[in-house]
Amino acid sequence: MRQHWRLVRSGACTAPWNMAVDEAMYRLSAREVVPPTLRLFRWSPPAVSIGRFQEIGVSEIQTYLEHGYPLVRRPTGGLAVLHENDLSYAIVARVGGGGLSTTSRRGLYRQAHEALMDALGALGVRLDLYSGIEERTSAGLCCAVPMHSDLILHGGQKIGGSAQIRGAHTVLQHGCVHAPTTLGSTRFEKEVSKAFERTMGLHLLESDLSPQEVELALYLIEHKYGRNEWNIDGRESPEVARSNA
């Protein structure tokens with residue numbers, strides 16, 4: 001039996017908005033206010049996202065900043081990603097229910113990446129899931145450090161990965177794939193939603209964000225994702241910490 005999930009197509013949004021929406025969905029899912037959701041989105045203007053625990057002093061990140069790219073710190077881990085002509089996704093659901101056939105961190109990575117690989121395969125792009133040696137580092141660029149089940153083009157180039165955060169009962173996993181631009185963004189996005197339905201056994205019902213999610217996202221931009229304390233220093237404001245208690 002297929003599980004009913006919400007599909008949110010956000011289009012191209014700013015970096016603070018994208019991360020604030022993902023966190024808002026995650027928080028409200030933990031309170032069982034919103035349904036399990038797949039969100040598809042892009043970044044405008046192009047921006048750099050960094051992992052929650054990453055230092056910005058590394059040379060690769062500084063080079064992006066010198067070229068004028070906006071920077072946002074994700075609520076999840078991982079390394080720096082330049083979001084330019086990529087498609088991003090976010091999954092928010094209750095752990096052990098709501099259509100998640102796996103409760104393991106690794107299992108959900110693989111499940112989402114199999115969907116993305118399926119979508120690209122339907123468009124004629126052949127990929128592999130990385131199964132080689134993993135390098136543990138908190139510096140540098142995500143594309144240079146493949147992890148198990150990351151999306152790899154034939155020839156070894158990494159084009160997709162994900163990061164995750166979990167609470168007691170809820171998971172947020174988001175990631176992106178840098179598909180060949182010749183595919184066309186609309187065509188690829190449609191294939192991605194169909195592939196998630198196939199590989200995860202879902203029935204996606206397209207919908208907008210709820211007023212509660214929009215309100216919380218705006219709050220998080222004001223007090224977190226629009227502030228240097230978080231994006232540069234990785235410090236969450238007392239207001240945000242209290243609101244999440």
# chains A, B, ... in the order shown; residues from 1 in each chain; ligands from 1

$ residues_around --residues "range 230-243 of chain A" --least-positions-apart "5" --cutoff "12 Å" --atoms "only C-alpha atoms" --output "number ranges by chain"
A: 15-16, 19-20, 23-24, 27-28, 48-57, 61-62, 65, 70-77, 216-217, 219-225

$ write_last_selection --atoms "C-alpha atoms" --output "compact mmCIF listing (two decimals), in the first residue's frame"
# COMPACT_ATOMS: atom_id res chain seq x y z
CA ALA A 15 19.69 30.45 0.65
CA PRO A 16 18.29 31.68 4.02
CA MET A 19 17.36 26.39 5.03
CA ALA A 20 14.72 28.10 7.17
CA GLU A 23 14.16 23.50 9.57
CA ALA A 24 10.57 24.74 9.94
CA ARG A 27 10.38 21.22 13.77
CA LEU A 28 6.70 21.05 12.93
CA VAL A 48 27.21 28.18 -0.89
CA SER A 49 25.87 26.04 1.93
CA ILE A 50 28.22 24.64 4.57
CA GLY A 51 27.80 21.92 7.15
CA ARG A 52 26.67 22.73 10.66
CA PHE A 53 30.10 22.05 12.18
CA GLN A 54 32.27 23.30 9.33
CA GLU A 55 34.79 26.12 9.71
CA ILE A 56 34.67 28.75 6.98
CA GLY A 57 38.39 29.50 7.03
CA ILE A 61 35.08 28.36 1.01
CA GLN A 62 37.02 31.62 1.11
CA LEU A 65 33.11 34.18 -0.69
CA PRO A 70 26.08 34.23 -0.39
CA LEU A 71 26.79 31.72 2.37
CA VAL A 72 24.37 29.83 4.61
CA ARG A 73 25.09 27.24 7.29
CA ARG A 74 22.89 24.15 7.10
CA PRO A 75 21.21 22.63 10.18
CA THR A 76 22.78 19.33 9.05
CA GLY A 77 26.39 18.19 8.80
CA LEU A 216 8.28 29.77 11.48
CA ALA A 217 10.57 30.02 8.45
CA TYR A 219 11.21 33.72 12.26
CA LEU A 220 14.22 31.48 11.58
CA ILE A 221 15.49 33.83 8.88
CA GLU A 222 15.29 36.78 11.27
CA HIS A 223 16.94 35.02 14.20
CA LYS A 224 19.19 32.41 12.56
CA TYR A 225 19.73 32.00 8.82

$ select_by_dssp --residues "range 6-118 of chain A" --states "strand (DSSP E or B)" --output "NGL selection string"
:A and (6-13 or 37-43 or 47-50 or 71-73 or 80-83 or 87-94)

$ closest_residue --among "A:Arg105, A:Lys158, A:His4, A:Met117" --to "Tyr130 in chain A" --atoms "only C-alpha atoms"
A:Lys158

$ residues_around --residues "range 183-187 of chain A" --least-positions-apart "2" --cutoff "12 Å" --atoms "only C-alpha atoms" --output "number ranges by chain"
A: 9, 11-12, 40-42, 84-88, 119-125, 177-181, 189-194

$ residues_around --residues "range 162-166 of chain A" --least-positions-apart "3" --cutoff "8 Å" --atoms "only C-alpha atoms" --output "list in words"
Pro75, Thr76, Gly77, Gly78, Arg105, Tyr109, Asp150, His169, Thr170, Val171, Leu172, Gln173, His174, Gly175 and Cys176 of chain A

$ write_last_selection --atoms "C-alpha atoms" --output "short mmCIF file (atom, residue, chain, number, x, y, z; two decimals), in the first residue's frame"
data_model
loop_
_atom_site.label_atom_id
_atom_site.label_comp_id
_atom_site.auth_asym_id
_atom_site.auth_seq_id
_atom_site.Cartn_x
_atom_site.Cartn_y
_atom_site.Cartn_z
CA PRO A 75 21.21 22.63 10.18
CA THR A 76 22.78 19.33 9.05
CA GLY A 77 26.39 18.19 8.80
CA GLY A 78 28.59 17.62 5.79
CA ARG A 105 20.77 6.82 8.56
CA TYR A 109 20.75 8.04 2.24
CA ASP A 150 26.74 9.17 -3.03
CA HIS A 169 11.15 10.80 16.37
CA THR A 170 11.80 12.91 13.27
CA VAL A 171 14.35 13.08 10.48
CA LEU A 172 15.32 15.83 8.04
CA GLN A 173 17.44 14.72 5.14
CA HIS A 174 18.32 17.09 2.37
CA GLY A 175 20.75 17.01 -0.49
CA CYS A 176 21.31 17.99 -4.08
#

$ select_by_dssp --residues "range 53-226 of chain A" --states "helix (DSSP H, G or I)" --output "PyMOL selection string"
chain A and resi 59-66+105-122+142-144+181-183+185-200+211-225

$ closest_residue --among "A:Met200, A:Leu116, A:Ala90, A:Ser149" --to "Gly132 in chain A" --atoms "only C-alpha atoms"
A:Ser149

$ residues_around --residues "His148 in chain A" --least-positions-apart "5" --cutoff "10 Å" --atoms "only C-alpha atoms" --output "NGL selection string"
:A and (106 or 109-110 or 129-134 or 161)

$ residues_around --residues "Asp128 in chain A" --least-positions-apart "4" --cutoff "7 Å" --atoms "only C-alpha atoms" --output "ChimeraX atom specification"
/A:151-154

$ closest_residue --among "A:Leu108, A:Val81, A:Val95, A:Leu205" --to "Cys142 in chain A" --atoms "only C-alpha atoms"
A:Val81
